[in-house]
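Next comes input_22.csv, with CSV, C-alpha atoms and all ligand atoms.
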chain,number,residue,atom,x,y,z
K,1,MET,CA,109.6,136.3,86.9
K,2,ARG,CA,109.3,140.1,86.8
K,3,TRP,CA,106.3,139.9,89.1
K,4,LEU,CA,108.4,138.3,91.8
K,5,ALA,CA,110.1,141.7,92.4
K,6,TYR,CA,106.7,142.9,93.7
K,7,ALA,CA,106.4,140.1,96.2
K,8,HIS,CA,108.7,141.8,98.8
K,9,PRO,CA,107.0,145.2,98.6
K,10,LEU,CA,103.5,143.7,99.0
K,11,PHE,CA,104.6,141.5,101.8
K,12,MET,CA,106.2,144.4,103.6
K,13,LEU,CA,103.2,146.6,103.2
K,14,VAL,CA,101.1,144.0,105.0
K,15,LEU,CA,103.8,143.6,107.6
K,16,LEU,CA,103.9,147.3,108.3
K,17,GLY,CA,100.1,147.3,108.7
K,18,LEU,CA,100.5,144.6,111.3
K,19,GLY,CA,103.2,146.6,113.0
K,20,VAL,CA,100.9,149.6,113.3
K,21,GLN,CA,98.3,147.4,115.0
K,22,VAL,CA,101.0,146.0,117.3
K,23,LEU,CA,102.0,149.5,118.3
K,24,ARG,CA,98.4,150.6,118.8
K,25,ASP,CA,97.8,147.6,121.1
K,26,GLY,CA,101.1,148.3,123.0
K,27,LEU,CA,100.0,152.0,123.5
K,28,ARG,CA,96.6,150.8,124.8
K,29,VAL,CA,98.4,148.6,127.4
K,30,ARG,CA,100.6,151.6,128.3
K,31,ARG,CA,97.6,154.0,128.7
K,32,ALA,CA,95.9,151.5,131.0
K,33,ARG,CA,99.1,151.0,133.0
K,34,LEU,CA,99.5,154.8,133.4
K,35,LEU,CA,95.8,155.2,134.5
K,36,GLY,CA,96.2,152.4,137.0
K,37,THR,CA,93.6,150.1,135.3
K,38,ARG,CA,94.2,146.7,133.8
K,39,ALA,CA,94.5,146.0,130.1
K,40,ASP,CA,94.7,142.6,128.4
K,41,SER,CA,98.1,142.5,126.5
K,42,ARG,CA,97.5,139.0,125.0
K,43,ARG,CA,96.7,140.4,121.5
K,44,HIS,CA,99.8,142.7,121.6
K,45,ARG,CA,102.0,139.8,122.5
K,46,ARG,CA,100.5,137.4,120.0
K,47,LEU,CA,100.5,139.8,117.0
K,48,ALA,CA,104.0,141.2,118.0
K,49,ARG,CA,105.4,137.6,117.7
K,50,TRP,CA,104.1,137.3,114.2
K,51,PHE,CA,105.3,140.8,113.3
K,52,VAL,CA,108.9,140.3,114.5
K,53,GLY,CA,108.9,136.7,113.2
K,54,LEU,CA,107.8,137.7,109.7
K,55,ALA,CA,110.0,140.8,109.5
K,56,VAL,CA,113.1,138.5,109.2
K,57,PRO,CA,112.0,136.5,106.1
K,58,GLY,CA,110.6,139.8,104.7
K,59,PHE,CA,114.0,141.5,105.1
K,60,ALA,CA,115.7,138.4,103.6
K,61,GLY,CA,113.2,138.5,100.7
K,62,GLY,CA,114.2,142.1,99.9
K,63,LEU,CA,117.9,141.2,100.0
K,64,SER,CA,117.4,138.0,97.8
K,65,SER,CA,115.4,139.9,95.2
K,66,MET,CA,118.1,142.6,95.1
K,67,LEU,CA,120.7,139.9,94.6
K,68,TRP,CA,118.9,137.7,92.1
K,69,LEU,CA,116.2,139.7,90.4
K,70,ARG,CA,117.8,143.2,90.0
K,71,PRO,CA,120.9,144.4,88.2
K,72,ASP,CA,121.7,146.9,91.0
K,73,PRO,CA,124.3,146.0,93.7
K,74,ALA,CA,122.9,144.9,97.0
K,75,LEU,CA,123.4,146.7,100.4
K,76,GLU,CA,123.9,150.1,98.9
K,77,SER,CA,120.5,151.6,98.6
K,78,PHE,CA,119.1,154.3,100.9
K,79,HIS,CA,116.2,151.8,101.4
K,80,PHE,CA,118.7,149.4,102.9
K,81,ALA,CA,120.2,152.1,105.2
K,82,LEU,CA,116.7,152.6,106.7
K,83,ALA,CA,115.7,148.9,106.6
K,84,LEU,CA,118.7,147.6,108.5
K,85,PRO,CA,118.2,149.8,111.7
K,86,ALA,CA,114.4,149.1,111.5
K,87,LEU,CA,115.0,145.4,111.7
K,88,ALA,CA,117.6,145.8,114.5
K,89,CYS,CA,115.1,147.9,116.5
K,90,TRP,CA,112.3,145.3,116.0
K,91,LEU,CA,114.5,142.4,117.0
K,92,THR,CA,115.8,144.2,120.2
K,93,ALA,CA,112.2,145.3,121.1
K,94,GLY,CA,111.1,141.7,120.6
K,95,ALA,CA,113.9,140.4,122.8
K,96,LEU,CA,113.0,142.9,125.6
K,97,GLY,CA,109.3,142.1,125.1
K,98,LEU,CA,109.9,138.4,125.7
K,99,ARG,CA,111.8,139.3,128.9
K,100,LEU,CA,109.0,141.6,130.0
K,101,GLU,CA,106.6,138.8,129.5
K,102,ARG,CA,108.6,136.6,131.8
K,103,GLY,CA,108.5,139.2,134.5
K,104,ARG,CA,112.2,140.0,134.3
K,105,ALA,CA,113.5,143.4,135.3
K,106,VAL,CA,113.4,145.1,131.9
K,107,ASN,CA,113.1,148.8,130.9
K,108,ARG,CA,109.6,148.8,129.4
K,109,HIS,CA,110.2,152.3,128.0
K,110,ALA,CA,113.2,151.0,126.0
K,111,HIS,CA,110.9,148.2,124.7
K,112,ALA,CA,108.2,150.7,123.6
K,113,ALA,CA,110.7,153.3,122.2
K,114,LEU,CA,112.7,150.7,120.2
K,115,GLY,CA,109.5,149.2,118.8
K,116,ALA,CA,108.1,152.6,117.8
K,117,ALA,CA,111.4,153.9,116.4
K,118,GLY,CA,111.7,150.7,114.4
K,119,LEU,CA,108.2,151.3,113.0
K,120,LEU,CA,109.1,154.9,112.0
K,121,LEU,CA,112.2,153.7,110.3
K,122,GLY,CA,110.2,150.9,108.6
K,123,LEU,CA,107.6,153.4,107.3
K,124,ALA,CA,110.5,155.6,106.0
K,125,ALA,CA,112.0,152.5,104.3
K,126,ALA,CA,108.6,152.0,102.7
K,127,VAL,CA,108.7,155.4,101.1
K,128,ALA,CA,112.3,154.8,100.0
K,129,GLY,CA,111.2,151.4,98.7
K,130,PHE,CA,108.6,152.8,96.4
K,131,ALA,CA,111.4,154.9,94.8
K,132,ILE,CA,113.3,151.8,93.7
K,133,LEU,CA,110.3,149.7,92.4
K,134,PRO,CA,111.1,148.2,89.0
O,1,LIG,C1,106.4,148.5,102.2
O,1,LIG,C2,107.2,149.1,101.4
O,1,LIG,C3,108.4,148.6,100.8
O,1,LIG,C4,108.7,148.6,99.4
O,1,LIG,C5,107.8,149.2,98.3
O,1,LIG,C6,109.9,148.0,99.2
O,1,LIG,C7,110.5,147.8,98.0
O,1,LIG,C8,111.8,147.3,97.8
O,1,LIG,C9,112.4,147.1,96.5
O,1,LIG,C10,111.8,147.6,95.2
O,1,LIG,C11,113.6,146.5,96.7
O,1,LIG,C12,114.6,146.2,95.6
O,1,LIG,C13,114.6,144.7,95.3
O,1,LIG,C14,113.4,144.3,94.5
O,1,LIG,O1,113.2,144.7,93.4
O,1,LIG,O2,112.6,143.5,95.1
O,1,LIG,C15,113.8,146.3,98.1
O,1,LIG,C16,114.9,145.8,98.7
O,1,LIG,C17,115.1,145.6,100.0
O,1,LIG,N1,114.1,145.8,101.0
O,1,LIG,FE1,112.3,146.7,100.7
O,1,LIG,N2,110.5,147.5,100.4
O,1,LIG,C18,109.6,147.9,101.4
O,1,LIG,C19,109.7,147.7,102.8
O,1,LIG,C20,110.8,147.2,103.4
O,1,LIG,C21,111.0,147.1,104.8
O,1,LIG,C22,110.0,147.5,105.9
O,1,LIG,C23,112.2,146.4,105.0
O,1,LIG,C24,112.9,146.0,106.3
O,1,LIG,C25,112.7,146.6,107.4
O,1,LIG,C26,112.8,146.2,103.7
O,1,LIG,C27,114.0,145.5,103.5
O,1,LIG,C28,114.6,145.5,102.2
O,1,LIG,C29,116.0,145.1,102.1
O,1,LIG,C30,117.0,144.6,103.1
O,1,LIG,C31,116.3,145.1,100.7
O,1,LIG,C32,117.6,144.9,100.0
O,1,LIG,C33,118.2,146.3,99.8
O,1,LIG,C34,119.6,146.3,99.3
O,1,LIG,O3,120.3,145.3,99.2
O,1,LIG,O4,120.1,147.5,98.9
O,1,LIG,N3,111.9,146.6,102.7
O,1,LIG,N4,112.6,146.7,98.8
O,2,LIG,C1,108.0,139.6,120.3
O,2,LIG,C2,107.7,140.8,120.4
O,2,LIG,C3,107.0,141.5,121.6
O,2,LIG,C4,106.6,141.0,122.8
O,2,LIG,C5,106.7,139.6,123.3
O,2,LIG,C6,106.1,142.1,123.5
O,2,LIG,C7,105.6,142.0,124.8
O,2,LIG,C8,105.2,143.1,125.6
O,2,LIG,C9,104.8,143.0,127.0
O,2,LIG,C10,104.8,141.7,127.8
O,2,LIG,C11,104.4,144.2,127.4
O,2,LIG,C12,103.9,144.6,128.7
O,2,LIG,C13,102.5,144.4,128.8
O,2,LIG,C14,101.9,144.6,130.1
O,2,LIG,O1,102.4,145.5,130.9
O,2,LIG,O2,100.9,143.9,130.4
O,2,LIG,C15,104.6,145.1,126.2
O,2,LIG,C16,104.3,146.5,126.2
O,2,LIG,C17,104.5,147.3,125.1
O,2,LIG,N1,104.9,147.0,123.9
O,2,LIG,FE1,105.5,145.1,123.3
O,2,LIG,N2,106.1,143.2,122.8
O,2,LIG,C18,106.7,142.9,121.6
O,2,LIG,C19,107.0,143.8,120.5
O,2,LIG,C20,106.6,145.1,120.4
O,2,LIG,C21,106.8,145.9,119.3
O,2,LIG,C22,107.4,145.5,117.9
O,2,LIG,C23,106.3,147.2,119.6
O,2,LIG,C24,106.1,148.4,118.8
O,2,LIG,C25,105.9,148.4,117.5
O,2,LIG,C26,105.8,147.1,121.0
O,2,LIG,C27,105.3,148.2,121.7
O,2,LIG,C28,104.9,148.1,123.1
O,2,LIG,C29,104.4,149.2,123.8
O,2,LIG,C30,104.2,150.7,123.3
O,2,LIG,C31,104.1,148.7,125.1
O,2,LIG,C32,103.6,149.5,126.3
O,2,LIG,C33,104.8,149.8,127.3
O,2,LIG,C34,104.4,150.5,128.6
O,2,LIG,O3,103.6,149.9,129.3
O,2,LIG,O4,104.8,151.6,128.8
O,2,LIG,N3,106.0,145.8,121.5
O,2,LIG,N4,105.1,144.4,125.1
Mind converting the file's structure to structure tokens?
Amino acid sequence: MRWLAYAHPLFMLVLLGLGVQVLRDGLRVRRARLLGTRADSRRHRRLARWFVGLAVPGFAGGLSSMLWLRPDPALESFHFALALPALACWLTAGALGLRLERGRAVNRHAHAALGAAGLLLGLAAAVAGFAILP
């Protein structure tokens, strides 16, 4: 069962890779908008749905393995202090993104800034995560 403790770190590494791709796509759409040209945002929207959707079970996986596989108390690590705001940023960015998609009046800068800040926090969480690997 020891190997199960590596499932969350591996899953999250892949997830963060996907997040970097989502951000790169978003920035491509932003560049095109600022230059007054058109860019197809379909890939950004499709991958971002997967990214935000998979972040929730990934987060829950970290928590479960802390609760059931490790002797340390849950919710007390520095890793958790970075992971929680990261997830909150992604969920809020996702909610704003869904509204943007429907053409509602939404601050697109807030969407972009929250997504990017979440990714930075997530990458910092990854560094802190390596420090608590079994
Ligand atoms: C990709 C690099 C990451 C690594 C190497 C990593 C590693 C770990 C490790 C070793 C644990 C302790 C439990 C266990 O043994 O499985 C853990 C717990 C946890 N992880 Fe990660 N993680 C990473 C990324 C993330 C990210 C991006 C998030 C969420 C945004 C996250 C959320 C959590 C949570 C919520 C816990 C429970 C922490 C606690 O209760 O104190 N992890 N992670
Ligand atoms: C469910 C999740 C998400 C949805 C549905 C979504 C949707 C959208 C939509 C509709 C746009 C405007 C595209 C256009 O103008 O054609 C956009 C732009 C953008 N998104 Fe997302 N997004 C999501 C998540 C994210 C995340 C997680 C990030 C960052 C990691 C991100 C970063 C950006 C950026 C940088 C832009 C460009 C903003 C600008 O034009 O100034 N998005 N997104």
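Among K:Val106, K:Ala126, K:Leu18, K:Leu100, the residue with the shortest atom-to-atom distance to ligand LIG 1 (chain O), counting all atoms listed in the file, is K:Ala126.
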Near-Leu96 of chain K list (9 Å; all atoms listed in the file; drop same-chain fewer than 5 positions) as a ChimeraX atom specification:
/K:91,101,106-108,110-111
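Restricting the calculation to all atoms listed in the file, the smallest distance between ligand LIG 2 (chain O) and any of K:His79, K:Arg104, K:Arg2, K:His109 is found for K:His109.
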Gln21 of chain K: which residues within 12 Å, counting only C-alpha atoms, same-chain residues fewer than 5 positions away excluded, as an MDAnalysis selection string?
chainID K and resid 14:16 26:28 43:48 50:51 115:116 119
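Taking atom CA of Gly97 of chain K and atom C11 of ligand LIG 1 (chain O) as the two end points, the separation is 29.1 Å.
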If you take all atoms listed in the file and a cut-off of 7 Å, which residues of chain K touch ligand LIG 1 (chain O), and what are their nearest atom pairs and distances in Å to one decimal, in chain and number order, as a tab-separated table?
residue	atom	partner	partner_atom	distance
K:Ala5	CA	O:LIG1	O2	4.1
K:Tyr6	CA	O:LIG1	O2	6.1
K:His8	CA	O:LIG1	O2	5.6
K:Pro9	CA	O:LIG1	C4	3.9
K:Leu10	CA	O:LIG1	C1	6.5
K:Met12	CA	O:LIG1	C1	4.3
K:Leu13	CA	O:LIG1	C1	3.9
K:Leu16	CA	O:LIG1	C22	6.6
K:Ala55	CA	O:LIG1	C25	6.7
K:Gly58	CA	O:LIG1	C27	6.7
K:Phe59	CA	O:LIG1	C27	4.3
K:Ala60	CA	O:LIG1	C30	6.4
K:Gly62	CA	O:LIG1	C17	3.6
K:Leu63	CA	O:LIG1	C32	3.7
K:Ser65	CA	O:LIG1	O2	4.6
K:Met66	CA	O:LIG1	C13	4.1
K:Leu69	CA	O:LIG1	O1	6.6
K:Arg70	CA	O:LIG1	O1	5.9
K:Pro73	CA	O:LIG1	O3	6.8
K:Ala74	CA	O:LIG1	O3	3.4
K:Leu75	CA	O:LIG1	O3	3.6
K:Glu76	CA	O:LIG1	O4	4.6
K:Ser77	CA	O:LIG1	O4	4.1
K:His79	CA	O:LIG1	C33	6.1
K:Phe80	CA	O:LIG1	C33	4.4
K:Ala83	CA	O:LIG1	C25	3.9
K:Leu84	CA	O:LIG1	C25	6.2
K:Ala86	CA	O:LIG1	C25	5.1
K:Leu87	CA	O:LIG1	C25	5.0
K:Gly122	CA	O:LIG1	C22	4.3
K:Leu123	CA	O:LIG1	C22	6.5
K:Ala125	CA	O:LIG1	C20	5.5
K:Ala126	CA	O:LIG1	C2	3.5
K:Val127	CA	O:LIG1	C2	6.5
K:Gly129	CA	O:LIG1	C6	3.7
K:Phe130	CA	O:LIG1	C5	4.1
K:Ile132	CA	O:LIG1	C10	4.7
K:Leu133	CA	O:LIG1	C10	3.8
K:Pro134	CA	O:LIG1	O1	6.0
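Nearest residue to ligand LIG 2 (chain O) among K:Ala117, K:Ala32, K:Ala88, K:Leu23 is K:Leu23, counting all atoms listed in the file.
Atom to atom, atom C13 of ligand LIG 2 (chain O) and atom CA of Val20 of chain K stand 16.4 Å apart.
Closest approach to Phe78 of chain K from the set K:Leu4, K:Ala128, K:Val22, K:Leu121 is made by K:Ala128, with distances taken over all atoms listed in the file.
Compared by their closest atoms to ligand LIG 2 (chain O), and using only C-alpha atoms and all ligand atoms, the residues K:Leu82, K:Ala95, K:Leu54, K:Gly17 rank with K:Ala95 nearest.
When atom C3 of ligand LIG 2 (chain O) is paired with atom CA of Ser64 of chain K, their separation reads 26.2 Å.
Closest approach to ligand LIG 2 (chain O) among K:Leu35, K:Ala81, K:Ala113, K:Ala105 is made by K:Ala113 (distances from all atoms listed in the file).
For Cys89 of chain K, the list of residues within 7 Å, based on only C-alpha atoms and with local chain neighbours fewer than 3 positions off taken out, reads Pro85, Ala86, Thr92, Ala93, Leu114, Gly115 and Gly118 of chain K.
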What would segment 1-35 of chain K look like with N, CA and C atoms in place, written as a tab-separated table (two decimals), in the frame of the given file?
chain	number	residue	atom	x	y	z
K	1	MET	N	108.96	136.19	85.56
K	1	MET	CA	109.60	136.30	86.90
K	1	MET	C	109.62	137.76	87.36
K	2	ARG	N	109.30	138.72	86.46
K	2	ARG	CA	109.30	140.10	86.80
K	2	ARG	C	108.41	140.42	88.01
K	3	TRP	N	107.26	139.71	88.01
K	3	TRP	CA	106.30	139.90	89.10
K	3	TRP	C	106.83	139.61	90.45
K	4	LEU	N	107.84	138.70	90.48
K	4	LEU	CA	108.40	138.30	91.80
K	4	LEU	C	109.02	139.49	92.52
K	5	ALA	N	109.48	140.49	91.76
K	5	ALA	CA	110.10	141.70	92.40
K	5	ALA	C	109.04	142.46	93.19
K	6	TYR	N	107.74	142.18	92.93
K	6	TYR	CA	106.70	142.90	93.70
K	6	TYR	C	106.28	142.12	94.95
K	7	ALA	N	106.77	140.89	95.09
K	7	ALA	CA	106.40	140.10	96.20
K	7	ALA	C	106.87	140.72	97.55
K	8	HIS	N	108.13	141.15	97.57
K	8	HIS	CA	108.70	141.80	98.80
K	8	HIS	C	107.94	143.06	99.17
K	9	PRO	N	107.75	144.01	98.22
K	9	PRO	CA	107.00	145.20	98.60
K	9	PRO	C	105.62	144.93	99.13
K	10	LEU	N	104.88	143.99	98.49
K	10	LEU	CA	103.50	143.70	99.00
K	10	LEU	C	103.55	143.08	100.35
K	11	PHE	N	104.47	142.13	100.54
K	11	PHE	CA	104.60	141.50	101.80
K	11	PHE	C	104.91	142.50	102.93
K	12	MET	N	105.83	143.44	102.61
K	12	MET	CA	106.20	144.40	103.60
K	12	MET	C	105.14	145.41	103.93
K	13	LEU	N	104.30	145.72	102.92
K	13	LEU	CA	103.20	146.60	103.20
K	13	LEU	C	102.24	146.00	104.21
K	14	VAL	N	101.94	144.70	104.02
K	14	VAL	CA	101.10	144.00	105.00
K	14	VAL	C	101.73	143.95	106.34
K	15	LEU	N	103.04	143.68	106.34
K	15	LEU	CA	103.80	143.60	107.60
K	15	LEU	C	103.72	144.92	108.36
K	16	LEU	N	103.91	146.03	107.64
K	16	LEU	CA	103.90	147.30	108.30
K	16	LEU	C	102.49	147.62	108.88
K	17	GLY	N	101.46	147.17	108.16
K	17	GLY	CA	100.10	147.30	108.70
K	17	GLY	C	99.95	146.58	109.99
K	18	LEU	N	100.50	145.37	110.03
K	18	LEU	CA	100.50	144.60	111.30
K	18	LEU	C	101.26	145.30	112.36
K	19	GLY	N	102.40	145.90	111.99
K	19	GLY	CA	103.20	146.60	113.00
K	19	GLY	C	102.49	147.79	113.58
K	20	VAL	N	101.70	148.50	112.77
K	20	VAL	CA	100.90	149.60	113.30
K	20	VAL	C	99.92	149.12	114.33
K	21	GLN	N	99.31	147.96	114.02
K	21	GLN	CA	98.30	147.40	115.00
K	21	GLN	C	99.04	146.96	116.27
K	22	VAL	N	100.25	146.39	116.15
K	22	VAL	CA	101.00	146.00	117.30
K	22	VAL	C	101.31	147.21	118.20
K	23	LEU	N	101.72	148.31	117.56
K	23	LEU	CA	102.00	149.50	118.30
K	23	LEU	C	100.78	150.09	118.97
K	24	ARG	N	99.66	150.09	118.24
K	24	ARG	CA	98.40	150.60	118.80
K	24	ARG	C	98.02	149.80	120.05
K	25	ASP	N	98.17	148.47	119.95
K	25	ASP	CA	97.80	147.60	121.10
K	25	ASP	C	98.76	147.89	122.26
K	26	GLY	N	100.08	148.06	121.95
K	26	GLY	CA	101.10	148.30	123.00
K	26	GLY	C	100.72	149.66	123.70
K	27	LEU	N	100.32	150.66	122.91
K	27	LEU	CA	100.00	152.00	123.50
K	27	LEU	C	98.73	151.90	124.35
K	28	ARG	N	97.82	151.00	123.96
K	28	ARG	CA	96.60	150.80	124.80
K	28	ARG	C	96.98	150.21	126.13
K	29	VAL	N	97.91	149.24	126.10
K	29	VAL	CA	98.40	148.60	127.40
K	29	VAL	C	99.08	149.69	128.21
K	30	ARG	N	99.86	150.55	127.54
K	30	ARG	CA	100.60	151.60	128.30
K	30	ARG	C	99.64	152.58	128.93
K	31	ARG	N	98.60	152.99	128.15
K	31	ARG	CA	97.60	154.00	128.70
K	31	ARG	C	96.98	153.38	129.94
K	32	ALA	N	96.57	152.11	129.85
K	32	ALA	CA	95.90	151.50	131.00
K	32	ALA	C	96.84	151.43	132.18
K	33	ARG	N	98.11	151.10	131.93
K	33	ARG	CA	99.10	151.00	133.00
K	33	ARG	C	99.23	152.39	133.70
K	34	LEU	N	99.31	153.46	132.89
K	34	LEU	CA	99.50	154.80	133.40
K	34	LEU	C	98.27	155.27	134.21
K	35	LEU	N	97.09	154.78	133.77
K	35	LEU	CA	95.80	155.20	134.50
K	35	LEU	C	95.57	154.29	135.66
